Every structure is written in C-alpha cells, then in structure tokens.
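Trainee: Handing over work-v1.csv, CSV, C-alpha atoms and all ligand atoms.
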```csv
chain,number,residue,atom,x,y,z
A,1,MET,CA,91.0,74.5,129.9
A,2,ARG,CA,94.3,76.3,130.6
A,3,ALA,CA,96.1,73.0,131.5
A,4,ALA,CA,94.9,71.5,128.2
A,5,PHE,CA,96.5,74.3,126.3
A,6,VAL,CA,99.8,74.1,128.1
A,7,ALA,CA,99.8,70.3,127.5
A,8,LEU,CA,99.3,70.9,123.8
A,9,LEU,CA,102.0,73.6,123.6
A,10,ALA,CA,104.6,71.2,122.3
A,11,VAL,CA,102.4,70.3,119.4
A,12,ALA,CA,101.8,73.9,118.6
A,13,ALA,CA,105.5,74.8,118.7
A,14,GLY,CA,106.8,71.8,116.8
A,15,GLY,CA,103.9,71.1,114.4
A,16,CYS,CA,104.5,71.6,110.7
A,17,GLN,CA,102.3,74.0,108.7
A,18,PRO,CA,99.7,72.2,106.6
A,19,SER,CA,98.8,73.8,103.3
A,20,PRO,CA,95.2,75.3,103.2
A,21,PRO,CA,92.5,72.8,102.5
A,22,PRO,CA,90.8,72.5,99.1
A,23,PRO,CA,87.6,74.6,98.8
A,24,PRO,CA,84.4,72.9,99.8
A,25,SER,CA,81.6,72.3,97.3
A,26,GLN,CA,78.8,75.0,97.1
A,27,PRO,CA,75.1,74.6,96.4
A,28,VAL,CA,75.4,77.1,93.4
A,29,PRO,CA,78.7,78.1,91.9
A,30,PHE,CA,79.4,81.7,93.1
A,31,SER,CA,82.2,83.8,91.6
A,32,HIS,CA,83.8,86.6,93.5
A,33,LYS,CA,85.8,87.4,90.3
A,34,LEU,CA,82.5,88.0,88.4
A,35,HIS,CA,80.8,90.1,91.1
A,36,VAL,CA,83.8,92.0,92.7
A,37,GLY,CA,86.5,91.9,89.9
A,38,GLN,CA,84.3,92.5,86.9
A,39,ASN,CA,81.1,94.1,88.2
A,40,LEU,CA,82.9,96.1,91.0
A,41,ILE,CA,80.4,95.2,93.7
A,42,GLY,CA,82.0,96.2,97.1
A,43,CYS,CA,82.4,93.5,99.8
A,44,GLY,CA,80.1,95.4,102.1
A,45,VAL,CA,77.1,95.0,99.7
A,46,CYS,CA,77.0,91.3,100.6
A,47,HIS,CA,79.1,91.0,103.8
A,48,SER,CA,77.6,93.9,105.7
A,49,TYR,CA,78.6,93.2,109.3
A,50,THR,CA,82.3,93.2,109.1
A,51,ALA,CA,83.0,96.6,110.5
A,52,ARG,CA,80.4,96.4,113.2
A,53,GLY,CA,80.5,93.0,114.8
A,54,PRO,CA,82.4,89.8,115.2
A,55,VAL,CA,80.8,88.0,112.3
A,56,ALA,CA,81.3,89.2,108.7
A,57,GLY,CA,78.2,87.3,107.7
A,58,ILE,CA,77.2,85.3,104.7
A,59,PRO,CA,74.8,87.4,102.6
A,60,THR,CA,71.0,86.9,102.9
A,61,MET,CA,69.0,85.6,99.9
A,62,ALA,CA,67.1,88.8,99.8
A,63,ARG,CA,70.4,90.6,99.0
A,64,CYS,CA,71.0,88.2,96.0
A,65,ASN,CA,67.4,88.5,94.9
A,66,GLY,CA,67.5,92.3,95.0
A,67,CYS,CA,69.7,92.2,92.0
A,68,HIS,CA,68.8,88.9,90.5
A,69,ARG,CA,65.1,89.3,90.1
A,70,PHE,CA,66.4,91.7,87.3
A,71,VAL,CA,70.0,90.6,86.5
A,72,SER,CA,70.5,87.3,84.5
A,73,ALA,CA,67.1,86.0,85.8
A,74,ASP,CA,67.0,83.6,82.9
A,75,LYS,CA,70.3,81.8,83.8
A,76,PRO,CA,69.8,78.4,85.4
A,77,ASN,CA,72.1,79.1,88.4
A,78,VAL,CA,70.4,82.4,89.0
A,79,GLN,CA,67.0,80.7,88.8
A,80,LYS,CA,68.2,78.4,91.7
A,81,VAL,CA,69.1,81.4,93.7
A,82,ASN,CA,65.8,83.1,93.1
A,83,ALA,CA,63.8,79.9,93.8
A,84,ALA,CA,65.6,79.5,97.1
A,85,PHE,CA,64.7,83.1,98.1
A,86,GLU,CA,61.0,82.6,97.1
A,87,ALA,CA,60.8,79.3,98.9
A,88,GLY,CA,62.3,80.9,102.0
A,89,LYS,CA,65.0,78.2,102.0
A,90,PRO,CA,68.4,79.9,102.1
A,91,LEU,CA,71.2,78.2,100.1
A,92,GLU,CA,73.5,76.5,102.6
A,93,TRP,CA,77.0,77.8,101.8
A,94,ASN,CA,79.7,75.6,103.1
A,95,ARG,CA,82.3,77.5,105.2
A,96,VAL,CA,85.7,78.1,103.7
A,97,TYR,CA,87.4,79.8,106.7
A,98,VAL,CA,86.9,77.8,109.9
A,99,LEU,CA,88.9,78.3,113.1
A,100,PRO,CA,88.8,75.7,115.9
A,101,ASP,CA,86.3,76.5,118.7
A,102,HIS,CA,89.0,77.3,121.2
A,103,VAL,CA,90.1,80.3,119.2
A,104,TYR,CA,88.5,83.7,119.5
A,105,PHE,CA,88.5,86.0,116.5
A,106,THR,CA,86.6,89.1,115.7
A,107,HIS,CA,86.6,91.2,112.5
A,108,GLU,CA,85.7,94.4,114.2
A,109,ARG,CA,89.1,95.2,115.8
A,110,HIS,CA,91.0,94.2,112.6
A,111,ILE,CA,89.0,96.4,110.3
A,112,ALA,CA,89.2,99.3,112.8
A,113,ALA,CA,93.0,98.8,112.8
A,114,GLY,CA,92.9,99.6,109.1
A,115,LEU,CA,93.6,96.1,107.7
A,116,ARG,CA,92.1,95.4,104.2
A,117,CYS,CA,90.1,92.2,103.6
A,118,GLN,CA,92.7,91.0,101.1
A,119,GLN,CA,95.6,91.1,103.7
A,120,CYS,CA,93.9,88.1,105.2
A,121,HIS,CA,91.8,86.6,102.5
A,122,GLY,CA,94.1,87.1,99.4
A,123,PRO,CA,93.0,88.5,96.0
A,124,VAL,CA,89.3,87.7,96.4
A,125,GLU,CA,88.5,89.8,93.3
A,126,GLU,CA,90.3,87.2,91.2
A,127,MET,CA,88.7,84.1,92.6
A,128,ASP,CA,86.1,82.2,90.6
A,129,VAL,CA,86.0,79.8,93.5
A,130,MET,CA,86.5,81.1,97.0
A,131,HIS,CA,89.4,79.3,98.7
A,132,GLN,CA,91.4,79.7,101.9
A,133,VAL,CA,94.7,81.5,101.4
A,134,PRO,CA,96.5,81.9,104.8
A,135,PRO,CA,97.1,78.8,106.9
A,136,LEU,CA,94.9,79.9,109.8
A,137,SER,CA,97.6,78.6,112.1
A,138,MET,CA,98.6,80.2,115.4
A,139,GLY,CA,101.9,81.3,113.8
A,140,TRP,CA,100.1,83.2,111.1
A,141,CYS,CA,98.1,85.2,113.7
A,142,VAL,CA,100.9,85.7,116.1
A,143,THR,CA,103.5,86.9,113.5
A,144,CYS,CA,101.2,89.7,112.4
A,145,HIS,CA,100.4,90.6,116.0
A,146,ARG,CA,104.1,90.9,116.7
A,147,GLN,CA,104.8,93.0,113.6
A,148,ARG,CA,101.9,95.4,114.4
A,149,GLY,CA,102.3,95.6,118.2
A,150,ALA,CA,99.0,93.8,118.9
A,151,SER,CA,98.6,91.6,121.9
A,152,THR,CA,100.3,88.1,121.9
A,153,ASP,CA,98.9,87.2,125.3
A,154,CYS,CA,97.5,83.7,125.2
A,155,TRP,CA,94.1,84.8,126.5
A,156,THR,CA,93.6,87.3,123.7
A,157,CYS,CA,92.8,84.5,121.3
A,158,HIS,CA,92.0,81.6,123.7
A,159,LYS,CA,89.0,82.0,125.9
B,1,LIG,C1,93.0,89.9,110.3
B,1,LIG,C2,92.6,89.0,109.2
B,1,LIG,C3,91.3,89.3,108.6
B,1,LIG,C4,90.8,90.4,107.9
B,1,LIG,C5,91.5,91.7,107.8
B,1,LIG,C6,89.5,90.0,107.4
B,1,LIG,N1,89.2,88.8,107.7
B,1,LIG,FE1,87.5,87.7,107.2
B,1,LIG,N2,88.0,86.2,108.3
B,1,LIG,C7,89.3,86.0,109.0
B,1,LIG,C8,89.3,84.8,109.7
B,1,LIG,C9,90.4,84.3,110.6
B,1,LIG,C10,88.0,84.2,109.5
B,1,LIG,C11,87.5,82.9,110.2
B,1,LIG,C12,86.7,83.3,111.4
B,1,LIG,C13,86.2,82.1,112.2
B,1,LIG,O1,86.3,81.0,111.8
B,1,LIG,O2,85.7,82.4,113.3
B,1,LIG,C14,87.3,85.0,108.6
B,1,LIG,C15,86.0,84.8,108.2
B,1,LIG,C16,85.3,85.6,107.2
B,1,LIG,C17,84.0,85.2,106.6
B,1,LIG,C18,83.2,84.0,107.0
B,1,LIG,C19,82.0,84.4,107.9
B,1,LIG,C20,82.5,84.9,109.2
B,1,LIG,O3,82.0,86.1,109.5
B,1,LIG,O4,83.2,84.3,109.9
B,1,LIG,C21,83.7,86.2,105.8
B,1,LIG,C22,82.5,86.4,104.9
B,1,LIG,C23,84.8,87.2,105.8
B,1,LIG,N3,85.8,86.8,106.7
B,1,LIG,C24,84.9,88.4,105.0
B,1,LIG,C25,85.8,89.4,105.3
B,1,LIG,C26,85.7,90.7,104.7
B,1,LIG,C27,84.6,91.2,103.7
B,1,LIG,C28,86.8,91.4,105.1
B,1,LIG,C29,87.1,92.9,104.9
B,1,LIG,C30,86.0,93.9,105.2
B,1,LIG,C31,87.5,90.6,106.0
B,1,LIG,N4,86.9,89.4,106.1
B,1,LIG,C32,88.7,90.9,106.7
B,1,LIG,C33,90.3,86.9,108.9
B,1,LIG,C34,90.2,88.2,108.4
B,2,LIG,C1,74.6,94.3,93.3
B,2,LIG,C2,74.0,93.3,92.4
B,2,LIG,C3,74.2,91.8,92.7
B,2,LIG,C4,74.1,91.1,93.8
B,2,LIG,C5,73.7,91.7,95.2
B,2,LIG,C6,74.3,89.8,93.5
B,2,LIG,N1,74.6,89.6,92.2
B,2,LIG,FE1,75.0,87.8,91.2
B,2,LIG,N2,75.5,88.9,89.5
B,2,LIG,C7,75.4,90.2,89.4
B,2,LIG,C8,75.9,90.6,88.1
B,2,LIG,C9,76.0,92.0,87.5
B,2,LIG,C10,76.3,89.4,87.4
B,2,LIG,C11,76.9,89.2,86.0
B,2,LIG,C12,75.7,89.1,85.1
B,2,LIG,C13,76.3,88.8,83.7
B,2,LIG,O1,77.5,89.1,83.4
B,2,LIG,O2,75.5,88.4,82.8
B,2,LIG,C14,76.0,88.3,88.4
B,2,LIG,C15,76.1,86.9,88.1
B,2,LIG,C16,75.8,85.9,89.0
B,2,LIG,C17,75.8,84.5,88.7
B,2,LIG,C18,76.2,83.9,87.3
B,2,LIG,C19,75.0,83.9,86.4
B,2,LIG,C20,75.4,83.1,85.1
B,2,LIG,O3,75.9,83.7,84.2
B,2,LIG,O4,75.3,81.9,85.2
B,2,LIG,C21,75.3,83.8,89.8
B,2,LIG,C22,75.2,82.3,90.0
B,2,LIG,C23,75.1,84.8,90.8
B,2,LIG,N3,75.3,86.1,90.3
B,2,LIG,C24,74.7,84.5,92.1
B,2,LIG,C25,74.5,85.5,93.1
B,2,LIG,C26,74.2,85.1,94.5
B,2,LIG,C27,74.1,83.8,95.1
B,2,LIG,C28,74.1,86.3,95.1
B,2,LIG,C29,73.8,86.6,96.6
B,2,LIG,C30,74.8,86.0,97.5
B,2,LIG,C31,74.3,87.4,94.2
B,2,LIG,N4,74.6,86.8,93.0
B,2,LIG,C32,74.2,88.7,94.5
B,2,LIG,C33,74.9,91.1,90.3
B,2,LIG,C34,74.6,90.8,91.6
B,3,LIG,C1,77.6,89.7,95.5
B,3,LIG,C2,77.8,89.2,96.8
B,3,LIG,C3,79.2,89.1,97.3
B,3,LIG,C4,80.2,90.1,97.3
B,3,LIG,C5,80.1,91.5,96.6
B,3,LIG,C6,81.3,89.6,98.0
B,3,LIG,N1,81.0,88.4,98.5
B,3,LIG,FE1,82.2,87.2,99.6
B,3,LIG,N2,80.9,85.7,99.6
B,3,LIG,C7,79.6,85.8,99.0
B,3,LIG,C8,79.0,84.4,99.1
B,3,LIG,C9,77.6,84.1,98.5
B,3,LIG,C10,79.9,83.6,99.8
B,3,LIG,C11,79.6,82.1,100.1
B,3,LIG,C12,80.0,81.3,98.9
B,3,LIG,C13,81.4,81.1,98.6
B,3,LIG,O1,82.2,80.8,99.6
B,3,LIG,O2,81.9,81.3,97.5
B,3,LIG,C14,81.0,84.4,100.1
B,3,LIG,C15,82.1,84.0,100.8
B,3,LIG,C16,83.2,84.7,101.1
B,3,LIG,C17,84.3,84.3,102.0
B,3,LIG,C18,84.4,82.9,102.6
B,3,LIG,C19,83.6,82.8,103.8
B,3,LIG,C20,83.6,81.5,104.5
B,3,LIG,O3,84.5,81.3,105.4
B,3,LIG,O4,82.9,80.6,104.1
B,3,LIG,C21,85.2,85.3,102.1
B,3,LIG,C22,86.4,85.4,102.9
B,3,LIG,C23,84.6,86.4,101.4
B,3,LIG,N3,83.4,86.0,100.8
B,3,LIG,C24,85.2,87.7,101.2
B,3,LIG,C25,84.8,88.7,100.4
B,3,LIG,C26,85.5,89.9,100.2
B,3,LIG,C27,86.9,90.3,100.8
B,3,LIG,C28,84.8,90.6,99.3
B,3,LIG,C29,85.2,92.0,98.6
B,3,LIG,C30,86.5,92.0,98.0
B,3,LIG,C31,83.6,89.9,99.0
B,3,LIG,N4,83.6,88.7,99.7
B,3,LIG,C32,82.5,90.3,98.2
B,3,LIG,C33,79.1,86.9,98.4
B,3,LIG,C34,79.8,88.0,98.1
B,4,LIG,C1,97.5,90.9,109.1
B,4,LIG,C2,97.7,91.1,110.6
B,4,LIG,C3,96.8,90.3,111.5
B,4,LIG,C4,96.5,89.0,111.5
B,4,LIG,C5,96.9,88.0,110.4
B,4,LIG,C6,95.7,88.7,112.6
B,4,LIG,N1,95.6,89.8,113.4
B,4,LIG,FE1,94.5,89.9,115.2
B,4,LIG,N2,95.0,91.9,115.3
B,4,LIG,C7,95.8,92.6,114.4
B,4,LIG,C8,95.9,94.0,114.9
B,4,LIG,C9,96.7,95.1,114.2
B,4,LIG,C10,95.1,94.1,116.1
B,4,LIG,C11,95.0,95.2,117.1
B,4,LIG,C12,93.8,96.0,116.9
B,4,LIG,C13,93.8,97.1,118.0
B,4,LIG,O1,94.8,97.4,118.6
B,4,LIG,O2,92.6,97.5,118.2
B,4,LIG,C14,94.5,92.8,116.3
B,4,LIG,C15,93.7,92.4,117.3
B,4,LIG,C16,93.1,91.2,117.6
B,4,LIG,C17,92.3,90.9,118.7
B,4,LIG,C18,91.7,91.8,119.7
B,4,LIG,C19,92.8,92.0,120.7
B,4,LIG,C20,92.3,92.8,122.0
B,4,LIG,O3,93.2,93.4,122.6
B,4,LIG,O4,91.1,92.7,122.3
B,4,LIG,C21,92.0,89.5,118.6
B,4,LIG,C22,91.1,88.7,119.6
B,4,LIG,C23,92.7,89.0,117.5
B,4,LIG,N3,93.4,90.1,116.9
B,4,LIG,C24,92.8,87.7,117.1
B,4,LIG,C25,93.4,87.2,116.0
B,4,LIG,C26,93.4,85.8,115.5
B,4,LIG,C27,92.8,84.7,116.3
B,4,LIG,C28,94.1,85.8,114.4
B,4,LIG,C29,94.4,84.6,113.5
B,4,LIG,C30,93.2,83.7,113.2
B,4,LIG,C31,94.5,87.1,114.1
B,4,LIG,N4,94.1,88.0,115.0
B,4,LIG,C32,95.2,87.4,112.9
B,4,LIG,C33,96.4,92.1,113.3
B,4,LIG,C34,96.3,90.8,112.8
B,5,LIG,C1,96.9,86.0,117.9
B,5,LIG,C2,96.1,84.9,118.3
B,5,LIG,C3,96.8,83.8,119.1
B,5,LIG,C4,97.5,84.0,120.3
B,5,LIG,C5,98.0,85.3,120.9
B,5,LIG,C6,97.8,82.7,120.8
B,5,LIG,N1,97.2,81.7,120.0
B,5,LIG,FE1,97.3,79.7,120.3
B,5,LIG,N2,96.2,79.4,118.6
B,5,LIG,C7,95.8,80.4,117.8
B,5,LIG,C8,95.1,79.7,116.6
B,5,LIG,C9,94.5,80.5,115.4
B,5,LIG,C10,95.2,78.4,116.8
B,5,LIG,C11,94.6,77.2,115.9
B,5,LIG,C12,95.7,76.7,115.0
B,5,LIG,C13,95.4,75.5,114.2
B,5,LIG,O1,94.3,75.0,114.4
B,5,LIG,O2,96.2,75.1,113.5
B,5,LIG,C14,95.9,78.1,118.1
B,5,LIG,C15,96.1,76.9,118.6
B,5,LIG,C16,96.7,76.7,119.9
B,5,LIG,C17,96.9,75.4,120.5
B,5,LIG,C18,96.4,74.1,120.0
B,5,LIG,C19,97.5,73.6,119.1
B,5,LIG,C20,97.0,72.5,118.2
B,5,LIG,O3,97.9,71.9,117.5
B,5,LIG,O4,95.8,72.2,118.1
B,5,LIG,C21,97.5,75.6,121.7
B,5,LIG,C22,97.9,74.6,122.7
B,5,LIG,C23,97.7,77.1,121.8
B,5,LIG,N3,97.2,77.7,120.7
B,5,LIG,C24,98.3,77.7,122.9
B,5,LIG,C25,98.6,79.0,123.0
B,5,LIG,C26,99.4,79.6,124.1
B,5,LIG,C27,100.0,78.9,125.3
B,5,LIG,C28,99.5,81.0,123.8
B,5,LIG,C29,100.3,82.0,124.5
B,5,LIG,C30,101.7,81.8,124.6
B,5,LIG,C31,98.8,81.2,122.5
B,5,LIG,N4,98.3,80.0,122.1
B,5,LIG,C32,98.6,82.4,121.9
B,5,LIG,C33,95.9,81.7,118.0
B,5,LIG,C34,96.6,82.3,119.0
```
Can the structure from this file be put into structure tokens for me?
Mentor:
Amino acid sequence: MRAAFVALLAVAAGGCQPSPPPPPSQPVPFSHKLHVGQNLIGCGVCHSYTARGPVAGIPTMARCNGCHRFVSADKPNVQKVNAAFEAGKPLEWNRVYVLPDHVYFTHERHIAAGLRCQQCHGPVEEMDVMHQVPPLSMGWCVTCHRQRGASTDCWTCHK
C-alpha cells in the first residue's frame, strides 16, 4: 500500500486540478434552496449524524414523510416521496461528494473544530440542485490543514 502511494506521488504533485464534476441525476428533484434557504430547515434535521460520527448521512424516508404527509402532499414529486416511504423502498440518491477509497475522512473532527458546513460545501442554502463545490483534491485538504495547524502526515488521510 505505502509503496503504491509513493509511486503515485509524482502524479499527485504534478497533476492539474480538474473542475468539479457536473451533478448526478436524482430520483426526485430535491431543492436545498427551498428547504434550507426559504423554509429555514436546519441541516441537522435531515443530516443528523454529522457531529457524532464519520458519516453525515442521507436522510431517511421517514424524515421526509414526517413533514410531507402534511406539507404539499398533493404535489406529484411529493407523492413519489411518500409512496417510496409507504412501500419501504427508499429513494436511491446518487452521491455528489465521493472521495476515493484510499482516503479517510470523517465529519466529526471537522465539526468539533468549529468548521461550518458551507466552508466545505459552499452556499448550500442557494442550491436548487446540489453540486460539488471544492475540487476534493489532496491540495484542497492539505492547504486548509496547513492553515489551521491540523496534521499533514500522510497517514492522517491515507490508511
Ligand atoms: C472539512 C470539510 C467539510 C465540512 C466542514 C463538512 N463536510 Fe460534508 N463532506 C465533506 C467531504 C470531503 C465529503 C465526502 C466524504 C466521503 O466521500 O467519504 C462530505 C460528504 C457529505 C455528505 C454525504 C454523505 C456522507 O456522510 O458522506 C453529506 C450529507 C454532508 N457531507 C453534509 C455535511 C453537513 C450537513 C455539514 C455541516 C454540519 C458538513 N457536511 C460539513 C467535507 C466537509
Ligand atoms: C421539516 C419539514 C420538511 C422535511 C423534513 C422535508 N421537507 Fe420537503 N418541503 C418542505 C416544505 C415546507 C416545502 C415547501 C412547500 C411549498 O412551498 O409548497 C417542501 C417542498 C418539497 C418538494 C417540492 C414540492 C413541489 O412543490 O413540487 C419536494 C420534492 C420535497 N420537499 C421533498 C422532500 C424530501 C425528499 C425530503 C426528505 C429528504 C423532504 N422533502 C423533507 C418541508 C419539509
Ligand atoms: C429537508 C432535508 C434536508 C435538509 C434540511 C438539508 N439537506 Fe442536504 N440533502 C438532502 C437530500 C435528500 C440529499 C440527497 C439529494 C441531493 O443530493 O440533492 C442531500 C444532499 C446533501 C449533500 C450531498 C451529499 C452527497 O455527497 O451526495 C450535501 C453536501 C448536503 N446535503 C449538505 C447539506 C447542508 C450543509 C445543509 C444545511 C445548510 C443541508 N444539506 C440541509 C436533504 C436535506
Ligand atoms: C476548511 C479546512 C479543512 C479542510 C478543507 C479539510 N480539513 Fe481535515 N481537518 C481540519 C481541521 C481544523 C482539523 C483538526 C481537527 C482537530 O484538531 O481536532 C482536521 C482534521 C482532520 C482529520 C483528523 C486528524 C487526526 O489527527 O485524527 C482527518 C482524517 C482529516 N481532517 C481529513 C481531511 C480530508 C481527507 C480532507 C479533504 C477531503 C480534509 N480533511 C479537508 C480542517 C480541514
Ligand atoms: C489532509 C488529507 C491528506 C493528507 C495529509 C495527504 N493526502 Fe494524499 N490525498 C488526499 C486526497 C483527498 C486524495 C484524493 C485526490 C484525488 O482523488 O484527486 C489524495 C490522493 C493521494 C494520492 C493519489 C494521487 C492520484 O492522483 O490519485 C497519493 C499518491 C497521495 N495522496 C499521497 C500522499 C502522501 C505521500 C502524503 C504525505 C506526504 C499525503 N498523500 C497526504 C488527502 C490527503
């Protein structure tokens, strides 16, 4: 494993930074702007694990249904959401942020260090369609780690 990383080091050092990929398609159009920006629903209502564990978590259908059995229950996209809940078949959201398997990341330490979601995910409350904002490159992680005195040891992020 370690040898493989060292061999790839030249690529990491010399590689150009690709721009973030276009957003994936989603089973139902979901708007953060509508929920967070306009209806002021906090991130934690839907992504409840961020402060506690490594995975921020994609919300459960029960969470959606808790509001949508009352709110806009006549709208076609909401009917799809409620039908998925009732059928016990969660909507399969496609991931927007994906790190390679060889990189270790956890939300817990970052949230505990006082970082806001938007510092890494951009102005989520303005997004009708969720999309990736930072490049998710090694340089992006390491630059912030350097600025904030966090570890830049290779094995912090590579297991
Ligand atoms: C230090 C940067 C950083 C901060 C701060 C941050 N995130 Fe993330 N987030 C990431 C990265 C990087 C990923 C991709 C993780 C992966 O692929 O393993 C991610 C992934 C996610 C995901 C996808 C599911 C998952 O758990 O991997 C959600 C949802 C998410 N973040 C929500 C949030 C919320 C809500 C906050 C604020 C409470 C937040 N993030 C704060 C960097 C950050
Ligand atoms: C805390 C309450 C709440 C939760 C939880 C919630 N929503 Fe909503 N949602 C709203 C409100 C309020 C609106 C705006 C309704 C309006 O303006 O008519 C909305 C609107 C929507 C719409 C647009 C409806 C239309 O006009 O076509 C969709 C789709 C939707 N939500 C999907 C979801 C999904 C999927 C989840 C779960 C991941 C979810 N919502 C969770 C409150 C919530
Ligand atoms: C009403 C529920 C709801 C609220 C509130 C909400 N989200 Fe989300 N979030 C979702 C759903 C559903 C998805 C998956 C669909 C998508 O990507 O649009 C998602 C996806 C994401 C993703 C992409 C995850 C990935 O890698 O696929 C990030 C990042 C994220 N949310 C951050 C936030 C932040 C930051 C806030 C608060 C500012 C927030 N969300 C508030 C429901 C919500
Ligand atoms: C905006 C700034 C910022 C960005 C971007 C960022 N981090 Fe961090 N990270 C921090 C801070 C600050 C800490 C230190 C938290 C502490 O001291 O407890 C930290 C801590 C960590 C830790 C825990 C370190 C330990 O000693 O256990 C890991 C793992 C980590 N980051 C991985 C990543 C990865 C991987 C990325 C990129 C995908 C990334 N971080 C992007 C600020 C950032
Ligand atoms: C703060 C987190 C962090 C630290 C510290 C870190 N890396 Fe990385 N590294 C990443 C991330 C994130 C990627 C994935 C980048 C991508 O896919 O574009 C990566 C990718 C790589 C790759 C693969 C390059 C490629 O093009 O696929 C190698 C090799 C690598 N790192 C080696 C190292 C070495 C050696 C060190 C120590 C000098 C180190 N990394 C320290 C986060 C980190």
Trainee: Show me which residues line ligand LIG 1 (chain B), defined as having an atom within 9 Å of a ligand atom where only C-alpha atoms and all ligand atoms count, and present them as a ChimeraX atom specification.
Mentor: /A:42-44,46-51,53-59,95-101,103-111,113-121,134,136,141,144
Trainee: Figure out the distance between CA of Glu126 (chain A) and atom C33 of ligand LIG 5 (chain B), please, to one decimal in Å.
Mentor: 27.9 Å
Trainee: What's the 10 Å shell around Val124 (chain A), counting all atoms listed in the file, without same-chain residues fewer than 3 positions away, as a PDB file with C-alpha atoms, in the frame of the given file?
Mentor:
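Output file out-v4.pdb is given in full below:
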```pdb
ATOM      1  CA  SER A  31      82.200  83.800  91.600  1.00  0.00           C
ATOM      2  CA  HIS A  32      83.800  86.600  93.500  1.00  0.00           C
ATOM      3  CA  LYS A  33      85.800  87.400  90.300  1.00  0.00           C
ATOM      4  CA  VAL A  36      83.800  92.000  92.700  1.00  0.00           C
ATOM      5  CA  GLY A  37      86.500  91.900  89.900  1.00  0.00           C
ATOM      6  CA  CYS A  43      82.400  93.500  99.800  1.00  0.00           C
ATOM      7  CA  CYS A 117      90.100  92.200 103.600  1.00  0.00           C
ATOM      8  CA  GLN A 118      92.700  91.000 101.100  1.00  0.00           C
ATOM      9  CA  CYS A 120      93.900  88.100 105.200  1.00  0.00           C
ATOM     10  CA  HIS A 121      91.800  86.600 102.500  1.00  0.00           C
ATOM     11  CA  MET A 127      88.700  84.100  92.600  1.00  0.00           C
ATOM     12  CA  ASP A 128      86.100  82.200  90.600  1.00  0.00           C
ATOM     13  CA  VAL A 129      86.000  79.800  93.500  1.00  0.00           C
ATOM     14  CA  MET A 130      86.500  81.100  97.000  1.00  0.00           C
ATOM     15  CA  HIS A 131      89.400  79.300  98.700  1.00  0.00           C
ATOM     16  CA  GLN A 132      91.400  79.700 101.900  1.00  0.00           C
ATOM     17  CA  VAL A 133      94.700  81.500 101.400  1.00  0.00           C
TER      18      VAL A 133
END
```
Trainee: Nearest to ligand LIG 5 (chain B) among A:Lys89, A:Arg148, A:Arg63, A:Arg69, with distances taken over all atoms listed in the file: which residue is it?
Mentor: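 Of A:Lys89, A:Arg148, A:Arg63, A:Arg69, the one nearest ligand LIG 5 (chain B), counting all atoms listed in the file, is A:Arg148.
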Trainee: Would you mind reading off the distance between atom C31 of ligand LIG 3 (chain B) and CA of Ala83 (chain A), one decimal, in Å?
Mentor: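 Value for the atom C31 of ligand LIG 3 (chain B)-CA of Ala83 (chain A) distance: 22.8 Å.
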Trainee: Check the smallest atom-to-atom distance from each of A:Asn77, A:Asn82, A:Asn94, A:Asn65 to ligand LIG 3 (chain B) using all atoms listed in the file, then report the winner.
Mentor: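 Looking at the shortest contact to ligand LIG 3 (chain B), the residue is A:Asn94.
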Trainee: Of the candidates A:Ser25, A:Thr143, A:Cys64, A:Leu40, which shows the shortest atom-to-atom distance to ligand LIG 2 (chain B), using only C-alpha atoms and all ligand atoms?
Mentor: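 Among A:Ser25, A:Thr143, A:Cys64, A:Leu40, it is A:Cys64 that comes nearest to ligand LIG 2 (chain B).
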Trainee: Around ligand LIG 2 (chain B), at most 8 Å away and counting only C-alpha atoms and all ligand atoms, which residues are there? Put them as a list in words, please.
Mentor: Val28, Pro29, Phe30, Ser31, Leu34, His35, Asn39, Ile41, Val45, Cys46, Ile58, Pro59, Thr60, Met61, Ala62, Arg63, Cys64, Asn65, Gly66, Cys67, His68, Val71, Ser72, Lys75, Pro76, Asn77, Val78 and Val81 of chain A
Trainee: How many Å lie between CA of Trp93 (chain A) and CA of Pro27 (chain A), rounded to one decimal?
Mentor: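 Distance between the two atoms: 6.6 Å.
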Trainee: Nearest to ligand LIG 4 (chain B): which of A:Pro90, A:Pro24, A:Pro123, A:Pro135 is it, counting all atoms listed in the file?
Mentor: A:Pro135
Trainee: Which residue gives the smallest distance to ligand LIG 3 (chain B) among A:Ala84, A:Pro23, A:Thr152, A:His145, with all atoms listed in the file counted?
Mentor: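 Ranked by minimum distance to ligand LIG 3 (chain B), first place goes to A:Pro23.
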Trainee: Select, from A:Val142, A:Ala150, A:Ala112, A:Ala73, the residue with the minimum atom-to-atom distance to ligand LIG 5 (chain B), counting all atoms listed in the file.
Mentor: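 Among A:Val142, A:Ala150, A:Ala112, A:Ala73, it is A:Val142 that comes nearest to ligand LIG 5 (chain B).
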